[in-house]
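Engineer: What follows is data-v9.pdb, PDB, C-alpha atoms.
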```
ATOM      1  CA  MET H   1      23.452 -17.744  56.027
ATOM      2  CA  GLU H   2      23.790 -14.291  54.525
ATOM      3  CA  ALA H   3      23.291 -13.847  50.802
ATOM      4  CA  ARG H   4      26.736 -12.317  50.344
ATOM      5  CA  THR H   5      28.350 -15.343  52.039
ATOM      6  CA  ILE H   6      26.486 -17.649  49.682
ATOM      7  CA  GLN H   7      27.427 -15.538  46.654
ATOM      8  CA  ALA H   8      31.064 -15.550  47.752
ATOM      9  CA  PHE H   9      31.021 -19.342  48.091
ATOM     10  CA  LEU H  10      29.452 -19.844  44.674
ATOM     11  CA  HIS H  11      32.041 -17.690  42.946
ATOM     12  CA  GLU H  12      34.972 -19.019  44.973
ATOM     13  CA  GLN H  13      34.252 -22.636  44.146
ATOM     14  CA  VAL H  14      34.254 -21.799  40.437
ATOM     15  CA  ARG H  15      37.402 -19.668  40.723
ATOM     16  CA  ALA H  16      39.220 -22.427  42.608
ATOM     17  CA  TRP H  17      38.044 -25.103  40.194
ATOM     18  CA  ASN H  18      39.209 -23.167  37.153
ATOM     19  CA  ALA H  19      42.532 -22.331  38.805
ATOM     20  CA  GLY H  20      43.137 -25.968  39.672
ATOM     21  CA  ASP H  21      43.358 -24.905  43.312
ATOM     22  CA  ARG H  22      42.195 -28.038  45.077
ATOM     23  CA  SER H  23      42.804 -26.756  48.586
ATOM     24  CA  ALA H  24      40.808 -23.592  48.027
ATOM     25  CA  PHE H  25      37.998 -25.564  46.405
ATOM     26  CA  PHE H  26      37.569 -27.907  49.366
ATOM     27  CA  ASP H  27      38.107 -25.112  51.867
ATOM     28  CA  ALA H  28      35.210 -23.254  50.266
ATOM     29  CA  TYR H  29      32.913 -26.253  50.744
ATOM     30  CA  ARG H  30      34.096 -26.897  54.302
ATOM     31  CA  SER H  31      33.475 -23.270  55.230
ATOM     32  CA  VAL H  32      29.784 -23.479  54.363
ATOM     33  CA  SER H  33      29.074 -27.076  55.389
ATOM     34  CA  PRO H  34      30.773 -27.791  58.730
ATOM     35  CA  GLN H  35      27.849 -30.024  59.721
ATOM     36  CA  GLY H  36      27.709 -32.050  56.542
ATOM     37  CA  LEU H  37      27.458 -32.067  52.766
ATOM     38  CA  GLN H  38      25.096 -34.149  50.637
ATOM     39  CA  ILE H  39      25.106 -34.227  46.840
ATOM     40  CA  GLU H  40      22.449 -35.674  44.562
ATOM     41  CA  TYR H  41      22.536 -36.246  40.830
ATOM     42  CA  VAL H  42      18.876 -35.725  39.972
ATOM     43  CA  GLY H  43      17.296 -38.776  38.429
ATOM     44  CA  ARG H  44      20.109 -41.102  39.497
ATOM     45  CA  GLY H  45      19.101 -42.020  43.027
ATOM     46  CA  PRO H  46      19.326 -40.461  46.465
ATOM     47  CA  ALA H  47      21.895 -37.975  47.717
ATOM     48  CA  THR H  48      25.220 -39.339  48.938
ATOM     49  CA  GLU H  49      28.182 -38.149  50.995
ATOM     50  CA  GLY H  50      29.196 -34.951  49.304
ATOM     51  CA  LEU H  51      32.924 -34.861  50.000
ATOM     52  CA  LEU H  52      33.347 -38.248  48.362
ATOM     53  CA  VAL H  53      31.447 -36.994  45.337
ATOM     54  CA  LEU H  54      33.603 -33.890  45.138
ATOM     55  CA  GLU H  55      36.817 -35.896  45.544
ATOM     56  CA  ALA H  56      35.842 -38.124  42.633
ATOM     57  CA  MET H  57      34.699 -35.156  40.568
ATOM     58  CA  TRP H  58      37.953 -33.314  41.109
ATOM     59  CA  THR H  59      40.120 -36.330  40.339
ATOM     60  CA  GLN H  60      38.221 -37.298  37.212
ATOM     61  CA  GLN H  61      37.190 -33.933  35.789
ATOM     62  CA  ASN H  62      39.232 -30.994  36.988
ATOM     63  CA  ALA H  63      41.926 -31.266  34.346
ATOM     64  CA  LYS H  64      39.315 -31.673  31.621
ATOM     65  CA  ILE H  65      36.640 -29.110  32.496
ATOM     66  CA  GLU H  66      36.551 -25.327  32.858
ATOM     67  CA  ILE H  67      33.421 -23.787  34.376
ATOM     68  CA  GLU H  68      31.670 -20.729  32.964
ATOM     69  CA  GLU H  69      29.071 -19.140  35.223
ATOM     70  CA  VAL H  70      25.951 -18.224  33.252
ATOM     71  CA  VAL H  71      23.823 -17.034  36.148
ATOM     72  CA  ALA H  72      23.750 -17.480  39.914
ATOM     73  CA  ILE H  73      20.638 -16.650  41.913
ATOM     74  CA  VAL H  74      20.463 -16.471  45.689
ATOM     75  CA  ASN H  75      17.047 -16.366  47.320
ATOM     76  CA  GLY H  76      17.175 -16.627  51.091
ATOM     77  CA  SER H  77      19.160 -19.740  52.027
ATOM     78  CA  ASP H  78      18.696 -21.272  48.583
ATOM     79  CA  ALA H  79      20.845 -20.754  45.540
ATOM     80  CA  ALA H  80      20.548 -21.908  41.960
ATOM     81  CA  CYS H  81      23.247 -21.713  39.312
ATOM     82  CA  HIS H  82      23.354 -22.324  35.590
ATOM     83  CA  ASN H  83      26.897 -23.271  34.634
ATOM     84  CA  ARG H  84      28.541 -24.273  31.379
ATOM     85  CA  ASN H  85      31.151 -26.946  31.974
ATOM     86  CA  LYS H  86      33.417 -26.447  29.001
ATOM     87  CA  VAL H  87      35.612 -29.305  27.880
ATOM     88  CA  ARG H  88      39.118 -27.867  27.692
ATOM     89  CA  GLY H  89      40.478 -27.748  24.173
ATOM     90  CA  ARG H  90      37.162 -28.551  22.554
ATOM     91  CA  SER H  91      34.114 -26.550  21.564
ATOM     92  CA  MET H  92      31.658 -28.632  23.552
ATOM     93  CA  ALA H  93      30.147 -27.857  26.942
ATOM     94  CA  ILE H  94      27.953 -29.682  29.425
ATOM     95  CA  GLU H  95      25.142 -27.529  30.794
ATOM     96  CA  THR H  96      24.267 -27.894  34.454
ATOM     97  CA  ILE H  97      21.693 -26.323  36.711
ATOM     98  CA  GLU H  98      22.769 -26.713  40.316
ATOM     99  CA  LEU H  99      20.707 -26.165  43.457
ATOM    100  CA  TYR H 100      22.290 -25.336  46.804
ATOM    101  CA  ARG H 101      20.411 -25.306  50.114
ATOM    102  CA  PHE H 102      22.222 -23.964  53.169
ATOM    103  CA  ASP H 103      20.686 -25.060  56.453
ATOM    104  CA  GLU H 104      22.339 -24.665  59.862
ATOM    105  CA  GLY H 105      25.811 -25.711  58.780
ATOM    106  CA  LYS H 106      24.609 -28.339  56.356
ATOM    107  CA  LEU H 107      24.704 -28.002  52.593
ATOM    108  CA  SER H 108      22.551 -30.007  50.214
ATOM    109  CA  VAL H 109      23.409 -29.864  46.526
ATOM    110  CA  ARG H 110      21.385 -31.181  43.596
ATOM    111  CA  TYR H 111      22.840 -31.367  40.075
ATOM    112  CA  PHE H 112      20.758 -31.350  36.917
ATOM    113  CA  ILE H 113      23.011 -32.356  34.011
ATOM    114  CA  LYS H 114      21.999 -31.940  30.385
ATOM    115  CA  GLN H 115      22.587 -35.126  28.481
ATOM    116  CA  THR H 116      24.398 -34.570  25.213
TER     117      THR H 116
ATOM    118  CA  MET G   1      13.200 -43.535  38.887
ATOM    119  CA  SER G   2      10.988 -41.677  36.468
ATOM    120  CA  THR G   3       7.263 -42.178  36.879
ATOM    121  CA  VAL G   4       6.258 -39.715  34.176
ATOM    122  CA  ASP G   5       7.431 -40.281  30.634
ATOM    123  CA  LYS G   6      10.242 -37.993  29.497
ATOM    124  CA  SER G   7       8.358 -37.129  26.317
ATOM    125  CA  VAL G   8       5.446 -35.858  28.415
ATOM    126  CA  ILE G   9       7.792 -33.663  30.442
ATOM    127  CA  GLU G  10       9.507 -32.282  27.343
ATOM    128  CA  ARG G  11       6.178 -31.568  25.646
ATOM    129  CA  PHE G  12       4.989 -29.699  28.720
ATOM    130  CA  MET G  13       8.198 -27.664  29.051
ATOM    131  CA  GLN G  14       8.195 -26.619  25.394
ATOM    132  CA  GLY G  15       4.440 -26.154  25.287
ATOM    133  CA  GLN G  16       4.165 -23.821  28.229
ATOM    134  CA  VAL G  17       6.708 -21.438  26.700
ATOM    135  CA  ALA G  18       5.041 -21.564  23.288
ATOM    136  CA  CYS G  19       1.615 -20.877  24.789
ATOM    137  CA  TRP G  20       2.904 -18.084  27.020
ATOM    138  CA  ASN G  21       4.573 -16.284  24.139
ATOM    139  CA  ALA G  22       1.563 -16.835  21.851
ATOM    140  CA  GLN G  23      -0.704 -15.403  24.584
ATOM    141  CA  ASP G  24      -2.683 -18.650  24.433
ATOM    142  CA  LYS G  25      -4.111 -18.850  27.943
ATOM    143  CA  PRO G  26      -6.436 -21.827  27.308
ATOM    144  CA  GLY G  27      -3.533 -23.787  25.872
ATOM    145  CA  PHE G  28      -1.237 -22.808  28.743
ATOM    146  CA  MET G  29      -3.714 -23.785  31.444
ATOM    147  CA  ALA G  30      -4.590 -27.017  29.634
ATOM    148  CA  LEU G  31      -0.943 -28.070  29.733
ATOM    149  CA  TYR G  32      -0.843 -27.581  33.490
ATOM    150  CA  ARG G  33      -4.154 -29.400  33.984
ATOM    151  CA  GLU G  34      -2.831 -32.306  31.916
ATOM    152  CA  VAL G  35       0.204 -32.887  34.130
ATOM    153  CA  ALA G  36      -1.299 -31.782  37.435
ATOM    154  CA  PRO G  37      -4.917 -32.934  37.554
ATOM    155  CA  ASP G  38      -4.637 -33.750  41.257
ATOM    156  CA  GLN G  39      -2.349 -31.067  42.649
ATOM    157  CA  LEU G  40      -0.201 -28.146  41.558
ATOM    158  CA  ASP G  41       2.288 -26.694  44.060
ATOM    159  CA  ILE G  42       4.291 -23.558  43.292
ATOM    160  CA  ALA G  43       6.888 -22.102  45.631
ATOM    161  CA  TYR G  44       9.424 -19.305  45.484
ATOM    162  CA  ALA G  45      12.896 -20.294  46.692
ATOM    163  CA  GLY G  46      13.845 -18.731  49.974
ATOM    164  CA  ARG G  47      10.265 -18.070  51.006
ATOM    165  CA  SER G  48       8.445 -20.270  53.442
ATOM    166  CA  GLU G  49       4.877 -19.534  52.465
ATOM    167  CA  GLN G  50       3.364 -21.593  49.689
ATOM    168  CA  GLN G  51       0.282 -20.656  47.719
ATOM    169  CA  ASP G  52      -2.066 -22.852  45.770
ATOM    170  CA  GLY G  53      -0.398 -23.271  42.408
ATOM    171  CA  TRP G  54      -3.519 -22.514  40.414
ATOM    172  CA  VAL G  55      -3.870 -19.156  42.139
ATOM    173  CA  VAL G  56      -0.229 -18.354  41.386
ATOM    174  CA  ILE G  57      -0.286 -19.140  37.678
ATOM    175  CA  GLU G  58      -3.695 -17.522  37.112
ATOM    176  CA  GLU G  59      -2.383 -14.352  38.726
ATOM    177  CA  MET G  60       0.912 -14.615  36.863
ATOM    178  CA  TRP G  61      -0.887 -14.843  33.561
ATOM    179  CA  ASP G  62      -3.345 -12.059  34.244
ATOM    180  CA  LYS G  63      -0.735  -9.625  35.602
ATOM    181  CA  HIS G  64       2.267 -10.384  33.442
ATOM    182  CA  ASN G  65       1.502 -12.252  30.231
ATOM    183  CA  ALA G  66       0.991  -9.086  28.223
ATOM    184  CA  GLY G  67       4.234  -7.599  29.497
ATOM    185  CA  ILE G  68       6.703 -10.460  29.499
ATOM    186  CA  THR G  69       8.141 -12.665  26.756
ATOM    187  CA  LEU G  70      10.053 -15.834  27.598
ATOM    188  CA  GLU G  71      13.424 -16.785  26.157
ATOM    189  CA  VAL G  72      14.636 -20.307  26.865
ATOM    190  CA  VAL G  73      18.340 -20.453  27.736
ATOM    191  CA  THR G  74      18.414 -24.141  28.605
ATOM    192  CA  THR G  75      16.103 -26.990  29.571
ATOM    193  CA  ILE G  76      17.364 -30.074  31.388
ATOM    194  CA  VAL G  77      15.237 -33.156  32.055
ATOM    195  CA  ASN G  78      16.661 -35.731  34.471
ATOM    196  CA  GLY G  79      14.386 -38.545  35.584
ATOM    197  CA  ASN G  80      11.014 -37.145  36.601
ATOM    198  CA  GLU G  81      12.357 -33.630  37.149
ATOM    199  CA  ALA G  82      13.213 -30.715  34.923
ATOM    200  CA  ALA G  83      15.282 -27.588  35.476
ATOM    201  CA  ILE G  84      15.162 -24.598  33.179
ATOM    202  CA  HIS G  85      16.824 -21.244  32.740
ATOM    203  CA  HIS G  86      14.502 -18.633  31.320
ATOM    204  CA  ARG G  87      15.010 -14.977  30.551
ATOM    205  CA  ASN G  88      11.749 -13.179  31.291
ATOM    206  CA  CYS G  89      12.036 -10.170  28.997
ATOM    207  CA  ILE G  90       9.966  -7.146  29.968
ATOM    208  CA  THR G  91       8.289  -5.830  26.851
ATOM    209  CA  GLY G  92       9.485  -2.486  25.582
ATOM    210  CA  THR G  93      12.502  -2.381  27.864
ATOM    211  CA  PRO G  94      15.954  -3.968  27.955
ATOM    212  CA  LEU G  95      15.107  -5.376  31.396
ATOM    213  CA  VAL G  96      15.224  -9.090  32.075
ATOM    214  CA  ILE G  97      14.238 -11.184  35.079
ATOM    215  CA  GLU G  98      16.413 -14.296  35.071
ATOM    216  CA  SER G  99      14.698 -17.380  36.429
ATOM    217  CA  LEU G 100      15.969 -20.848  37.240
ATOM    218  CA  GLU G 101      12.943 -23.088  37.719
ATOM    219  CA  THR G 102      12.573 -26.697  38.804
ATOM    220  CA  TYR G 103       9.641 -28.961  38.014
ATOM    221  CA  ARG G 104       9.015 -32.282  39.764
ATOM    222  CA  PHE G 105       6.498 -34.507  37.979
ATOM    223  CA  GLU G 106       4.622 -37.264  39.759
ATOM    224  CA  PRO G 107       1.525 -39.020  38.527
ATOM    225  CA  GLY G 108      -1.238 -36.406  38.674
ATOM    226  CA  ARG G 109       0.906 -33.874  40.494
ATOM    227  CA  LEU G 110       3.410 -31.131  39.656
ATOM    228  CA  SER G 111       5.635 -29.216  42.093
ATOM    229  CA  VAL G 112       7.381 -26.090  40.838
ATOM    230  CA  VAL G 113      10.033 -23.904  42.500
ATOM    231  CA  TYR G 114      11.079 -20.535  41.084
ATOM    232  CA  HIS G 115      14.477 -18.962  41.724
ATOM    233  CA  LEU G 116      14.291 -15.348  40.569
ATOM    234  CA  LYS G 117      16.940 -12.719  39.939
ATOM    235  CA  PRO G 118      15.669  -9.156  39.609
ATOM    236  CA  PRO G 119      16.947  -6.913  36.827
ATOM    237  CA  ASP G 120      19.691  -4.424  37.596
ATOM    238  CA  THR G 121      17.569  -1.318  37.786
ATOM    239  CA  THR G 122      15.892   0.995  40.224
ATOM    240  CA  GLY G 123      13.228   1.936  37.710
ATOM    241  CA  LEU G 124      11.004  -1.090  38.123
ATOM    242  CA  ASP G 125       8.490  -1.715  40.912
ATOM    243  CA  LEU G 126       9.388  -5.256  41.920
ATOM    244  CA  ASN G 127       6.405  -5.473  44.262
ATOM    245  CA  GLN G 128       4.199  -6.104  41.229
ATOM    246  CA  PHE G 129       5.788  -9.559  40.998
ATOM    247  CA  ARG G 130       4.669 -12.126  43.554
ATOM    248  CA  GLY G 131       8.160 -13.639  43.661
ATOM    249  CA  PHE G 132       9.764 -10.376  44.747
ATOM    250  CA  ALA G 133       7.002  -8.749  46.799
ATOM    251  CA  ALA G 134       8.062  -8.380  50.439
ATOM    252  CA  SER G 135      10.667 -11.008  49.799
ATOM    253  CA  ASN G 136      14.065 -11.938  51.032
ATOM    254  CA  GLY G 137      16.118  -9.802  48.686
TER     255      GLY G 137
END
```
With the file now loaded, output its structure as structure tokens.
Structural biologist:
Amino acid sequence: MEARTIQAFLHEQVRAWNAGDRSAFFDAYRSVSPQGLQIEYVGRGPATEGLLVLEAMWTQQNAKIEIEEVVAIVNGSDAACHNRNKVRGRSMAIETIELYRFDEGKLSVRYFIKQT
Amino acid sequence: MSTVDKSVIERFMQGQVACWNAQDKPGFMALYREVAPDQLDIAYAGRSEQQDGWVVIEEMWDKHNAGITLEVVTTIVNGNEAAIHHRNCITGTPLVIESLETYRFEPGRLSVVYHLKPPDTTGLDLNQFRGFAASNG
């Protein structure tokens, strides 16, 4: 996958999340993972079905969290992002480093989450 | 499930930055030997070739320690893995190489992956850095 396609996905998912645009958010994921999506929370067990993870994340967190992109790096078919997940209406944020691997229509995501 | 104690991982992560910035090569290498007595793997994201980790960090130190200072943006330890965001500040310039790095600790073994973002400039020869030389862009 081309670097600019990956960059566009990374920014679009954040834009859609912050705008509360559920359709655009899931469309962005479907566009880069037509063959499957796996998501792993590092240190909490193996990767699981990604769309289920995203559905739960959206339902539980979208209204509460706004994402600030700190840096996004694309190297080949791999991307890494440092995001600040800011709790709306409060001064606290949850730091995440997120890894994305794009491989022949499949996307594997790994989340590192800083414990507060 | 973590197989390496979190305190060991945190001491390594903090120690390597402190030693790098203090130009303490023996201390830096000792930290790596402590956590990776059996094997050290270092890879650059997006590149298929993998070098012996000891060769990579020896070269990194010798070529870049005098010219780069590390700033820690964040460090996250989850289970037996760590992810960090560093700003690699090029001495005497406003230029910064952003790096997101992952470290997987297993008993006697450490596997590292660097994700590197070059500075926004045309005035720096990126080929001097192993992670950018003849790379994917």
Engineer: At a cut-off of 12 Å, using only C-alpha atoms, what residues contact Thr59 in chain H? Leave out same-chain residues fewer than 5 positions from it and give the result as a ChimeraX atom specification.
Structural biologist: /H:17,20,22,52-54,64-65
Engineer: If you take all atoms listed in the file and a cut-off of 7 Å, which residues of chain H touch chain G, and what are their nearest atom pairs and distances in Å to one decimal, in chain and number order, as a Markdown table?
Structural biologist:
```
| residue | atom | partner | partner_atom | distance |
| --- | --- | --- | --- | --- |
| H:Val42 | CA | G:Asn78 | CA | 5.9 |
| H:Gly43 | CA | G:Gly79 | CA | 4.1 |
| H:Ile73 | CA | G:Lys117 | CA | 5.7 |
| H:Asn75 | CA | G:Gly46 | CA | 4.8 |
| H:Gly76 | CA | G:Gly46 | CA | 4.1 |
| H:Ser77 | CA | G:Gly46 | CA | 5.8 |
| H:Asp78 | CA | G:Gly46 | CA | 5.7 |
| H:Ala80 | CA | G:Leu100 | CA | 6.7 |
| H:Ile97 | CA | G:Ala83 | CA | 6.7 |
| H:Phe112 | CA | G:Asn78 | CA | 6.5 |
| H:Ile113 | CA | G:Ile76 | CA | 6.6 |
| H:Lys114 | CA | G:Ile76 | CA | 5.1 |
```
Engineer: Return the single residue from H:Asn18, H:Val70, H:Ser23, H:Glu49 that is closest to Gln35 in chain H, with distances computed using only C-alpha atoms.
Structural biologist: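 Nearest candidate to Gln35 in chain H out of H:Asn18, H:Val70, H:Ser23, H:Glu49: H:Glu49.
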Engineer: Near Gln39 in chain G, within 8 Å and counting all atoms listed in the file, which residues show up once chain neighbours fewer than 5 positions away are dropped, as a PDB file with C-alpha atoms, in the coordinates of the input?
Structural biologist:
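Output below, filename part24.pdb:
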```
ATOM      1  CA  GLY G 108      -1.238 -36.406  38.674  1.00  0.00           C
ATOM      2  CA  ARG G 109       0.906 -33.874  40.494  1.00  0.00           C
ATOM      3  CA  LEU G 110       3.410 -31.131  39.656  1.00  0.00           C
TER       4      LEU G 110
END
```
Engineer: Would you kindly return, as a PyMOL selection string, each protein, DNA or RNA residue with an atom no farther than 10 Å from any atom of Asp52 in chain G, considering all atoms listed in the file and excluding same-chain residues fewer than 2 positions away?
Structural biologist: chain G and resi 39-43+50+54-57
Engineer: Where atoms are missing, can you supply N, CA and C atoms for range 119-130 of chain G and output the lot as a JSON list (two decimals), in the frame of the given file?
Structural biologist:
```
[["chain", "number", "residue", "atom", "x", "y", "z"],
["G", 119, "PRO", "N", 16.07, -7.66, 37.75],
["G", 119, "PRO", "CA", 16.95, -6.91, 36.83],
["G", 119, "PRO", "C", 17.73, -5.86, 37.58],
["G", 120, "ASP", "N", 18.87, -5.47, 36.99],
["G", 120, "ASP", "CA", 19.69, -4.42, 37.60],
["G", 120, "ASP", "C", 19.11, -3.06, 37.25],
["G", 121, "THR", "N", 18.16, -2.63, 38.03],
["G", 121, "THR", "CA", 17.57, -1.32, 37.79],
["G", 121, "THR", "C", 16.85, -0.86, 39.04],
["G", 122, "THR", "N", 16.72, 0.44, 39.15],
["G", 122, "THR", "CA", 15.89, 1.00, 40.22],
["G", 122, "THR", "C", 14.58, 1.51, 39.66],
["G", 123, "GLY", "N", 14.40, 1.35, 38.35],
["G", 123, "GLY", "CA", 13.23, 1.94, 37.71],
["G", 123, "GLY", "C", 12.06, 0.99, 37.54],
["G", 124, "LEU", "N", 12.07, -0.11, 38.27],
["G", 124, "LEU", "CA", 11.00, -1.09, 38.12],
["G", 124, "LEU", "C", 10.46, -1.43, 39.50],
["G", 125, "ASP", "N", 9.13, -1.37, 39.64],
["G", 125, "ASP", "CA", 8.49, -1.72, 40.91],
["G", 125, "ASP", "C", 8.42, -3.23, 41.04],
["G", 126, "LEU", "N", 9.34, -3.80, 41.80],
["G", 126, "LEU", "CA", 9.39, -5.26, 41.92],
["G", 126, "LEU", "C", 8.22, -5.82, 42.71],
["G", 127, "ASN", "N", 7.52, -4.97, 43.47],
["G", 127, "ASN", "CA", 6.40, -5.47, 44.26],
["G", 127, "ASN", "C", 5.24, -5.96, 43.40],
["G", 128, "GLN", "N", 5.27, -5.61, 42.11],
["G", 128, "GLN", "CA", 4.20, -6.10, 41.23],
["G", 128, "GLN", "C", 4.36, -7.60, 40.96],
["G", 129, "PHE", "N", 5.54, -8.14, 41.24],
["G", 129, "PHE", "CA", 5.79, -9.56, 41.00],
["G", 129, "PHE", "C", 5.69, -10.32, 42.31],
["G", 130, "ARG", "N", 4.86, -11.36, 42.32],
["G", 130, "ARG", "CA", 4.67, -12.13, 43.55],
["G", 130, "ARG", "C", 6.00, -12.64, 44.10]]
```
